There are 2 protein chains.
Amino acid sequence: MSTAQAIEEKDAVSYTSAVHAKAIELGKHALRMTDASGSGHPSTALSIAHIVVELMYEKMRYDPSDPWNVASDRLVLSLGHAVPIVYAAYADLAGAVGKSPADKRLLKVDDLKTLRELSSVLDGHPNPAEGFPFFDAATGSLGQGLSVAAGLALAARLDGLERRIFCVIGDGESREGQIWEAADFVVDHNLSHVTAIFSCNGHGQADAVSPQQSADSIEKKMTAFNWSTIRVNGHDPDALHDAFDRAIQSDQPTAVVAETVKGWGVDSIIGKNFHGKPLSGDALKTALTDLDATGAKLGAVAGKLPLPVGPKAPKCDDDRVVALAPFEAVLRRAGLDKELGQKKLATRVAYGAALIAAGDVDPRIVALDGDVSNSTFANLFQREHGDRFFECKIAEQNMITVAAGLSAGGKIPFASSFAKFLARGFDQIDMAAVSRANVKIVGSHSGVSLAADGPSQMSLSDVAYFRSMSRADNGYGQPVCRTFHPSDAVSAYRCVELMVNTNGLCFMRTHRPAAPFLYPFEERFSLNGCKQLRTGKDLTLASSGFMIHTVLNVADTLAESGITCNVFDAYTFPMDASPILEAARASGGAILTVEDNFVGGLHGELAEAAARAGDVRVVGMTVNKLPKSAKSPDEVFAYVGVGPDDILAQAREIAQK
Amino acid sequence: MSTAQAIEEKDAVSYTSAVHAKAIELGKHALRMTDASGSGHPSTALSIAHIVVELMYEKMRYDPSDPWNVASDRLVLSLGHAVPIVYAAYADLAGAVGKSPADKRLLKVDDLKTLRELSSVLDGHPNPAEGFPFFDAATGSLGQGLSVAAGLALAARLDGLERRIFCVIGDGESREGQIWEAADFVVDHNLSHVTAIFSCNGHGQADAVSPQQSADSIEKKMTAFNWSTIRVNGHDPDALHDAFDRAIQSDQPTAVVAETVKGWGVDSIIGKNFHGKPLSGDALKTALTDLDATGAKLGAVAGKLPLPVGPKAPKCDDDRVVALAPFEAVLRRAGLDKELGQKKLATRVAYGAALIAAGDVDPRIVALDGDVSNSTFANLFQREHGDRFFECKIAEQNMITVAAGLSAGGKIPFASSFAKFLARGFDQIDMAAVSRANVKIVGSHSGVSLAADGPSQMSLSDVAYFRSMSRADNGYGQPVCRTFHPSDAVSAYRCVELMVNTNGLCFMRTHRPAAPFLYPFEERFSLNGCKQLRTGKDLTLASSGFMIHTVLNVADTLAESGITCNVFDAYTFPMDASPILEAARASGGAILTVEDNFVGGLHGELAEAAARAGDVRVVGMTVNKLPKSAKSPDEVFAYVGVGPDDILAQAREIAQK
């Protein structure tokens, strides 16, 4: 006997009438709260009212007072702007809010009017990090939810949890390619616990959706993408009830394609492409009356709906600090004996070795890659920890957001590709930052040192992008993002260790060419740190990554002509610049920075620090023109103005001042 | 009678045999040239050998000696790493290379061995800007070609040209969501002159492609996306011949789904997932022998293939400089009389008005938007120049690359969305930069001043990303990208004019809130410029965009207590910082910058300039924590550390030093 049947038997009010009544009640809240906030999207909220009632009051197995329960079913609201209706349901269910269980309080219906206020947990779009833990990830930049759902489902499978993940997607946002990347990924990994629910109300922001995003088209597409599909009237409680049951019972990923109405129940706005505006004054009164009239027409009668039932959570422990096994032992295990002998290894290879070691000591470590694992060397992890490696194929947006979902499921995901191709996922990385996801991004073949493949494979703006997030706080005691840019295998190895032990978004930049070891195997590195590699009295040089080897050669050449230099390895952002500034003050008062990327990186970091005091000069050398293919790194370095001769000339000029 | 039949009749060598022979000949070139370069992808090149022969020797209507002919059919190689086979065909056809017609020379087969050399026009991946004008856009970051093709087809339609656009796509790269965004777009606009050719060789880089990217799946998907589809053996000359004829004759966008073999003809590598490596020494010899054996088996005999026939190009004139009509007249035309009266208008609205004026005086101006044209105000252009407005729906990656395609077709595309959502297209913007595309990107609702919608809609890293490209040369006398960040409607209007008259990538950042006019209607602005809005003797303040209004208020408050400030509007990058540094030197030697974004923007620009000389101090205020929703811009400014009180305190502290 289904729950709905049970209700019908024990209650005079039919299930259907009760769902309609609840949808109308929540719809009124959505209208009132967006009026109070002066902005928001009540019409979109109304289009998913019945879907939300079905899921949050019946189908989902969860305890609203314990949203941190890692065994609960989850709702991912991909169309984030519909959030007022979820807030309304959650308040009605007295769901718990707060940034952590210690901070917990139960949401009240009266709180709804604080929507979008600075002090409110009810942000304009889903934002778990501001105190709404019912959600797992920030949404609102569209098309990302299905990837979050996939990540949550993967994490649950790894943990042996029978969590179901329901993801509500708008028809308009299904135009985003990421939805189709995620659709492929879910099928590849047969994540049958994921249910995608498309709300097809036919309206976007500026206009009607394209016929390419009609319910018919979406159904055809999902079928072609090898999903099981169910077509349903999105405002018919019984039809939705049955559709969700079928989706839950299916052993295949299932899409529920629901035809919905934008502004459902409010005749005064239906069909008017009313988007992103609250109703107030008389218009609000009319809308509330409209909803009542709709309820009367449908025979809506408030009744008892089944309360969600929560599962039991397994124990969870994620404050551990892990130490990687010794560098040499792990490199031997990875089959890198020859490279150990030659004392030379690319940082991208060291990344793979470090990931093996991290996986050894921490079961939360998982890795993702976009069909380039034999270039990024994530394949070393795959070889040793295959059950925790997820091939995402050539679809970087989905990869980043799946990682965010895995993080929300308690994992520590490392996602790798060429640094250049990660730029496809910058909006997704932004959203992972807003979610405070514990995601580690690793970009290989960065800068120009890959040479022959040319500029379509070279990352030049990556340093500026990631560094931009390094000077803002994420509200949880960490920078929004930390960047690591190791110069050799030892530092790459230890940077991975730092990333594992830092709760928050991190980026590591690795390079294609092999590079000599610069550090003893037991060297340790620290957050905000830098390393002094040479000591001198005439000039201070700073660089990072592969470029530092060129800079060291330049320093040696300068030493032959009597100019001695400090050389710093600035391997992380944010960085405490004071050791470099101090050294510069004691050696002529000038710093020369050298980078294999566009401006906005190390030069900015040091110039900003130096200009605050104003007593140290900083000259920066960065890639000064668009690169092209060439046979060797040195040829490209020279072509873009950061070749050894360029550095030498610039250093001499500064040192002679 | 088809061309193939004609050949068969007049030549003893059958068309089929001749195509096989040519495919083998080009395949050998691809093997030898990648051996010479020491890197490259011969196996992928071989998989499209027959497709390339069919297109470049018969189906395409073009003159290899005049690749600049704007009426020619075009080939877009989305799977850019297969490029050696195209280079080989083009050399065989004595195609013209060079950065411009003035620089033209005919490619020789002997040039092929220069593949990937610094001085060669044969870059590692398609790169028209380095002198290979047969291509329209840089590819190599996968999944972008179909969008380029769509842009080219749109431009041709606007110009009344019957150009056919053939786009070759890999099976692996069809995992990229952008392919599906482009597939929707092509159908929405019924670009029936676009033929998508999928080369399904079953292999990616790290492994086989997913079953989701099998030929069957791709055919099913393209059908579901409402394309006409044709399935074909990609190494059968007659089948390909017929398929392309059907595609050309179709009045619907058509996908040719070709089953191909990675490393076709080279038995020694087939089925071994041989990717991205050249063959050399004995392996090369074996491969060449393998190809001969394949030829013998297929009865390949060198024969005369039809030479491509070129169309006649219409006249083209694109050195014009345009001037927009007077500000006030255009604002009135846009229906903004009330705002003129109030002397207050959001920069995003001024953008829309300026676009009307630009469209009036220059027919090359086109506009694209991603379902937010009523927020970005691109809808003003749509209203006045509807035939040149292209709705891209919620799919930003495709929008950016369609713009690059339109640019290659001679248009000046302005592509707009929320600045936040443009981050989805940063890899595509990178590629537009490599293509030296004349694309203008406009991001609205930038920074934190949109307030209530929260961080999922706020662009915080955009300034750092776009500025990173401002200090490198694009090789054509322009920075890789110019950024414009106007503070009021007048400057926004004139920045659009500057963008129209600058050949190259530009970004303009607009804001949501209305802002008072700061400039007289006739004020003029310049590339690399800045404007001094206040003069003082105690401190120099610099800002841009909406934030400058807060800074001006702070300056006024400071003036009340006897502290007078210079205030600069730094509306563009790259910027000549000397006027600001000069003013600072004459007013206490310090600059305070204020920004509504993360680090890497104006603070970096001025700190880098100041630290070079070392005689001016610079203190920067940027968004210091992840924002959240709040009701007003001022509330969010204060929350993230750049509220009026914060600025006032910081300014007082510096001025008192």
# chains A, B, ... in the order shown; residues from 1 in each chain; ligands from 1
call {"tool": "interface_residues", "arguments": {"of": "chain A", "to": "chain B", "cutoff": "6 Å", "atoms": "only C-alpha atoms", "output": "PyMOL selection string"}}
result
chain A and resi 116-118+123-124+140-141+173+175-178+180-181+205-206+220-221+224+371-372+374+394-395+423-424+426-427+452-454+456+461+464-465+468+472-474+598-600+604+607-608+611-612+614+617-619+624-626+629-631
call {"tool": "residues_around", "arguments": {"residues": "Cys495 in chain A", "least_positions_apart": "4", "cutoff": "8 Å", "atoms": "only C-alpha atoms", "output": "PyMOL selection string"}}
result
chain A and resi 484+486+491+499+508+525
call {"tool": "residues_around", "arguments": {"residues": "Ala23 in chain B", "least_positions_apart": "4", "cutoff": "6 Å", "atoms": "only C-alpha atoms", "output": "PyMOL selection string"}}
result
chain B and resi 27+49-50
call {"tool": "atom_distance", "arguments": {"atom1": "CA of Ala334 in chain B", "atom2": "CA of Phe377 in chain B"}}
result
10.6 Å
call {"tool": "atom_distance", "arguments": {"atom1": "CA of Ala313 in chain B", "atom2": "CA of Glu58 in chain B"}}
result
19.3 Å
call {"tool": "select_by_dssp", "arguments": {"residues": "range 219-345 of chain A", "states": "strand (DSSP E)", "output": "count of residues only"}}
result
14
call {"tool": "residues_around", "arguments": {"residues": "Gly386 in chain A", "least_positions_apart": "3", "cutoff": "12 Å", "atoms": "only C-alpha atoms", "output": "PyMOL selection string"}}
result
chain A and resi 158+356+359+365-368+378-383+389-391
call {"tool": "write_last_selection", "arguments": {"atoms": "all heavy atoms", "output": "CSV table (one decimal), in the first residue's frame"}}
result
chain,number,residue,atom,x,y,z
A,158,LEU,N,30.1,5.1,-3.2
A,158,LEU,CA,31.4,4.8,-2.6
A,158,LEU,C,31.2,4.4,-1.1
A,158,LEU,O,31.9,3.6,-0.6
A,158,LEU,CB,32.4,5.9,-2.7
A,158,LEU,CG,33.1,6.1,-4.1
A,158,LEU,CD1,33.9,7.4,-4.0
A,158,LEU,CD2,34.0,4.9,-4.4
A,356,ILE,N,48.7,9.0,-5.5
A,356,ILE,CA,48.7,7.6,-5.0
A,356,ILE,C,48.9,7.6,-3.5
A,356,ILE,O,48.2,7.0,-2.7
A,356,ILE,CB,49.9,6.8,-5.6
A,356,ILE,CG1,49.7,6.6,-7.1
A,356,ILE,CG2,50.1,5.5,-4.9
A,356,ILE,CD1,50.9,5.9,-7.8
A,359,GLY,N,45.9,8.9,-1.6
A,359,GLY,CA,44.9,7.8,-1.6
A,359,GLY,C,45.1,6.7,-0.7
A,359,GLY,O,44.2,6.1,-0.1
A,365,ILE,N,40.0,10.6,-0.5
A,365,ILE,CA,40.6,11.1,-1.8
A,365,ILE,C,40.0,10.4,-3.0
A,365,ILE,O,40.0,9.1,-3.1
A,365,ILE,CB,42.1,10.9,-1.8
A,365,ILE,CG1,42.8,11.5,-0.6
A,365,ILE,CG2,42.7,11.4,-3.1
A,365,ILE,CD1,42.8,13.0,-0.5
A,366,VAL,N,39.5,11.1,-3.9
A,366,VAL,CA,39.0,10.6,-5.2
A,366,VAL,C,39.6,11.4,-6.3
A,366,VAL,O,40.1,12.6,-6.0
A,366,VAL,CB,37.5,10.5,-5.3
A,366,VAL,CG1,36.9,9.7,-4.2
A,366,VAL,CG2,36.9,12.0,-5.3
A,367,ALA,N,39.7,10.9,-7.5
A,367,ALA,CA,40.3,11.7,-8.6
A,367,ALA,C,39.4,11.6,-9.8
A,367,ALA,O,38.7,10.6,-10.1
A,367,ALA,CB,41.7,11.2,-8.9
A,368,LEU,N,39.4,12.7,-10.5
A,368,LEU,CA,38.6,12.8,-11.8
A,368,LEU,C,39.5,13.4,-12.9
A,368,LEU,O,40.4,14.2,-12.6
A,368,LEU,CB,37.4,13.8,-11.6
A,368,LEU,CG,36.5,13.5,-10.5
A,368,LEU,CD1,36.8,14.3,-9.3
A,368,LEU,CD2,35.0,13.8,-10.9
A,378,ALA,N,47.1,11.6,-13.6
A,378,ALA,CA,46.1,11.1,-12.8
A,378,ALA,C,46.0,9.6,-13.0
A,378,ALA,O,45.4,8.9,-12.1
A,378,ALA,CB,44.7,11.8,-13.0
A,379,ASN,N,46.5,9.1,-14.1
A,379,ASN,CA,46.4,7.6,-14.4
A,379,ASN,C,47.2,6.8,-13.3
A,379,ASN,O,46.9,5.6,-13.2
A,379,ASN,CB,46.7,7.3,-15.8
A,379,ASN,CG,48.2,7.6,-16.1
A,379,ASN,OD1,48.9,8.2,-15.3
A,379,ASN,ND2,48.6,7.2,-17.3
A,380,LEU,N,48.2,7.4,-12.7
A,380,LEU,CA,48.9,6.7,-11.6
A,380,LEU,C,47.9,6.4,-10.5
A,380,LEU,O,47.9,5.3,-9.9
A,380,LEU,CB,50.1,7.5,-11.1
A,380,LEU,CG,51.2,7.8,-12.1
A,380,LEU,CD1,52.3,8.6,-11.5
A,380,LEU,CD2,51.8,6.5,-12.7
A,381,PHE,N,47.1,7.3,-10.1
A,381,PHE,CA,46.1,7.1,-9.1
A,381,PHE,C,45.1,6.1,-9.6
A,381,PHE,O,44.7,5.1,-8.8
A,381,PHE,CB,45.4,8.4,-8.8
A,381,PHE,CG,44.3,8.3,-7.7
A,381,PHE,CD1,44.7,8.4,-6.4
A,381,PHE,CD2,43.0,8.1,-8.0
A,381,PHE,CE1,43.7,8.3,-5.4
A,381,PHE,CE2,42.0,8.0,-7.0
A,381,PHE,CZ,42.4,8.1,-5.7
A,382,GLN,N,44.7,6.2,-10.8
A,382,GLN,CA,43.7,5.2,-11.4
A,382,GLN,C,44.3,3.8,-11.3
A,382,GLN,O,43.5,2.9,-10.9
A,382,GLN,CB,43.5,5.6,-12.9
A,382,GLN,CG,42.5,4.6,-13.6
A,382,GLN,CD,42.3,5.0,-15.0
A,382,GLN,OE1,43.1,5.7,-15.6
A,382,GLN,NE2,41.2,4.6,-15.6
A,383,ARG,N,45.5,3.6,-11.5
A,383,ARG,CA,46.2,2.3,-11.5
A,383,ARG,C,46.1,1.7,-10.1
A,383,ARG,O,45.9,0.5,-9.9
A,383,ARG,CB,47.6,2.4,-12.0
A,383,ARG,CG,48.2,1.2,-12.5
A,383,ARG,CD,49.6,1.5,-13.0
A,383,ARG,NE,50.6,1.9,-11.9
A,383,ARG,CZ,51.7,2.5,-12.1
A,383,ARG,NH1,52.2,2.8,-13.3
A,383,ARG,NH2,52.5,2.8,-11.1
A,389,PHE,N,38.7,6.4,-9.0
A,389,PHE,CA,39.0,7.2,-10.1
A,389,PHE,C,37.8,7.3,-11.0
A,389,PHE,O,37.2,6.3,-11.4
A,389,PHE,CB,40.2,6.7,-10.9
A,389,PHE,CG,40.5,7.4,-12.1
A,389,PHE,CD1,41.2,8.6,-12.1
A,389,PHE,CD2,40.0,7.0,-13.4
A,389,PHE,CE1,41.5,9.3,-13.2
A,389,PHE,CE2,40.2,7.8,-14.5
A,389,PHE,CZ,41.0,8.9,-14.5
A,390,PHE,N,37.4,8.5,-11.4
A,390,PHE,CA,36.2,8.7,-12.3
A,390,PHE,C,36.6,9.4,-13.6
A,390,PHE,O,37.0,10.6,-13.6
A,390,PHE,CB,35.1,9.5,-11.5
A,390,PHE,CG,34.8,8.8,-10.2
A,390,PHE,CD1,35.1,9.4,-9.0
A,390,PHE,CD2,34.2,7.5,-10.2
A,390,PHE,CE1,34.8,8.8,-7.8
A,390,PHE,CE2,33.9,6.9,-9.0
A,390,PHE,CZ,34.2,7.5,-7.8
A,391,GLU,N,36.5,8.7,-14.7
A,391,GLU,CA,36.8,9.3,-16.0
A,391,GLU,C,35.6,10.1,-16.4
A,391,GLU,O,34.5,9.6,-16.5
A,391,GLU,CB,37.0,8.1,-17.0
A,391,GLU,CG,37.3,8.5,-18.4
A,391,GLU,CD,38.4,9.5,-18.5
A,391,GLU,OE1,39.6,9.2,-18.4
A,391,GLU,OE2,38.1,10.7,-18.8
call {"tool": "residues_around", "arguments": {"residues": "range 517-521 of chain B", "least_positions_apart": "2", "cutoff": "6 Å", "atoms": "only C-alpha atoms", "output": "list in words"}}
result
Lys343, Lys344, Asp488 and Glu523 of chain B
call {"tool": "residues_around", "arguments": {"residues": "Ala655 in chain B", "least_positions_apart": "5", "cutoff": "8 Å", "atoms": "only C-alpha atoms", "output": "PyMOL selection string"}}
result
chain B and resi 538-539+563+588+590
call {"tool": "atom_distance", "arguments": {"atom1": "CA of Met399 in chain B", "atom2": "CA of Leu154 in chain B"}}
result
12.4 Å
call {"tool": "closest_residue", "arguments": {"among": "B:Gly295, B:Ser192, B:Leu161, B:Pro311", "to": "Tyr62 in chain B", "atoms": "only C-alpha atoms"}}
result
B:Pro311
call {"tool": "residues_around", "arguments": {"residues": "Ile441 in chain A", "least_positions_apart": "5", "cutoff": "6 Å", "atoms": "only C-alpha atoms", "output": "PyMOL selection string"}}
result
chain A and resi 414-416+507
call {"tool": "write_last_selection", "arguments": {"atoms": "all heavy atoms", "output": "mmCIF file, in the first residue's frame"}}
result
data_model
loop_
_atom_site.group_PDB
_atom_site.id
_atom_site.type_symbol
_atom_site.label_atom_id
_atom_site.label_comp_id
_atom_site.auth_asym_id
_atom_site.auth_seq_id
_atom_site.Cartn_x
_atom_site.Cartn_y
_atom_site.Cartn_z
ATOM 1 N N PHE A 414 40.139 15.450 -6.439
ATOM 2 C CA PHE A 414 41.167 16.106 -7.253
ATOM 3 C C PHE A 414 40.729 15.965 -8.711
ATOM 4 O O PHE A 414 40.604 14.853 -9.216
ATOM 5 C CB PHE A 414 42.533 15.439 -7.053
ATOM 6 C CG PHE A 414 43.232 15.858 -5.783
ATOM 7 C CD1 PHE A 414 42.811 15.395 -4.544
ATOM 8 C CD2 PHE A 414 44.317 16.725 -5.831
ATOM 9 C CE1 PHE A 414 43.458 15.791 -3.375
ATOM 10 C CE2 PHE A 414 44.972 17.126 -4.664
ATOM 11 C CZ PHE A 414 44.542 16.662 -3.438
ATOM 12 N N ALA A 415 40.503 17.089 -9.364
ATOM 13 C CA ALA A 415 40.044 17.071 -10.754
ATOM 14 C C ALA A 415 41.141 17.655 -11.633
ATOM 15 O O ALA A 415 41.595 18.776 -11.397
ATOM 16 C CB ALA A 415 38.761 17.887 -10.901
ATOM 17 N N SER A 416 41.548 16.908 -12.644
ATOM 18 C CA SER A 416 42.668 17.365 -13.464
ATOM 19 C C SER A 416 42.344 17.402 -14.949
ATOM 20 O O SER A 416 41.542 16.619 -15.455
ATOM 21 C CB SER A 416 43.887 16.457 -13.245
ATOM 22 O OG SER A 416 43.546 15.092 -13.453
ATOM 23 N N PHE A 507 43.997 25.202 -6.202
ATOM 24 C CA PHE A 507 44.425 24.973 -7.590
ATOM 25 C C PHE A 507 45.914 24.694 -7.605
ATOM 26 O O PHE A 507 46.681 25.397 -6.955
ATOM 27 C CB PHE A 507 44.118 26.218 -8.428
ATOM 28 C CG PHE A 507 44.744 26.194 -9.809
ATOM 29 C CD1 PHE A 507 44.414 25.209 -10.733
ATOM 30 C CD2 PHE A 507 45.657 27.179 -10.199
ATOM 31 C CE1 PHE A 507 44.985 25.194 -12.013
ATOM 32 C CE2 PHE A 507 46.225 27.176 -11.471
ATOM 33 C CZ PHE A 507 45.890 26.180 -12.376
#
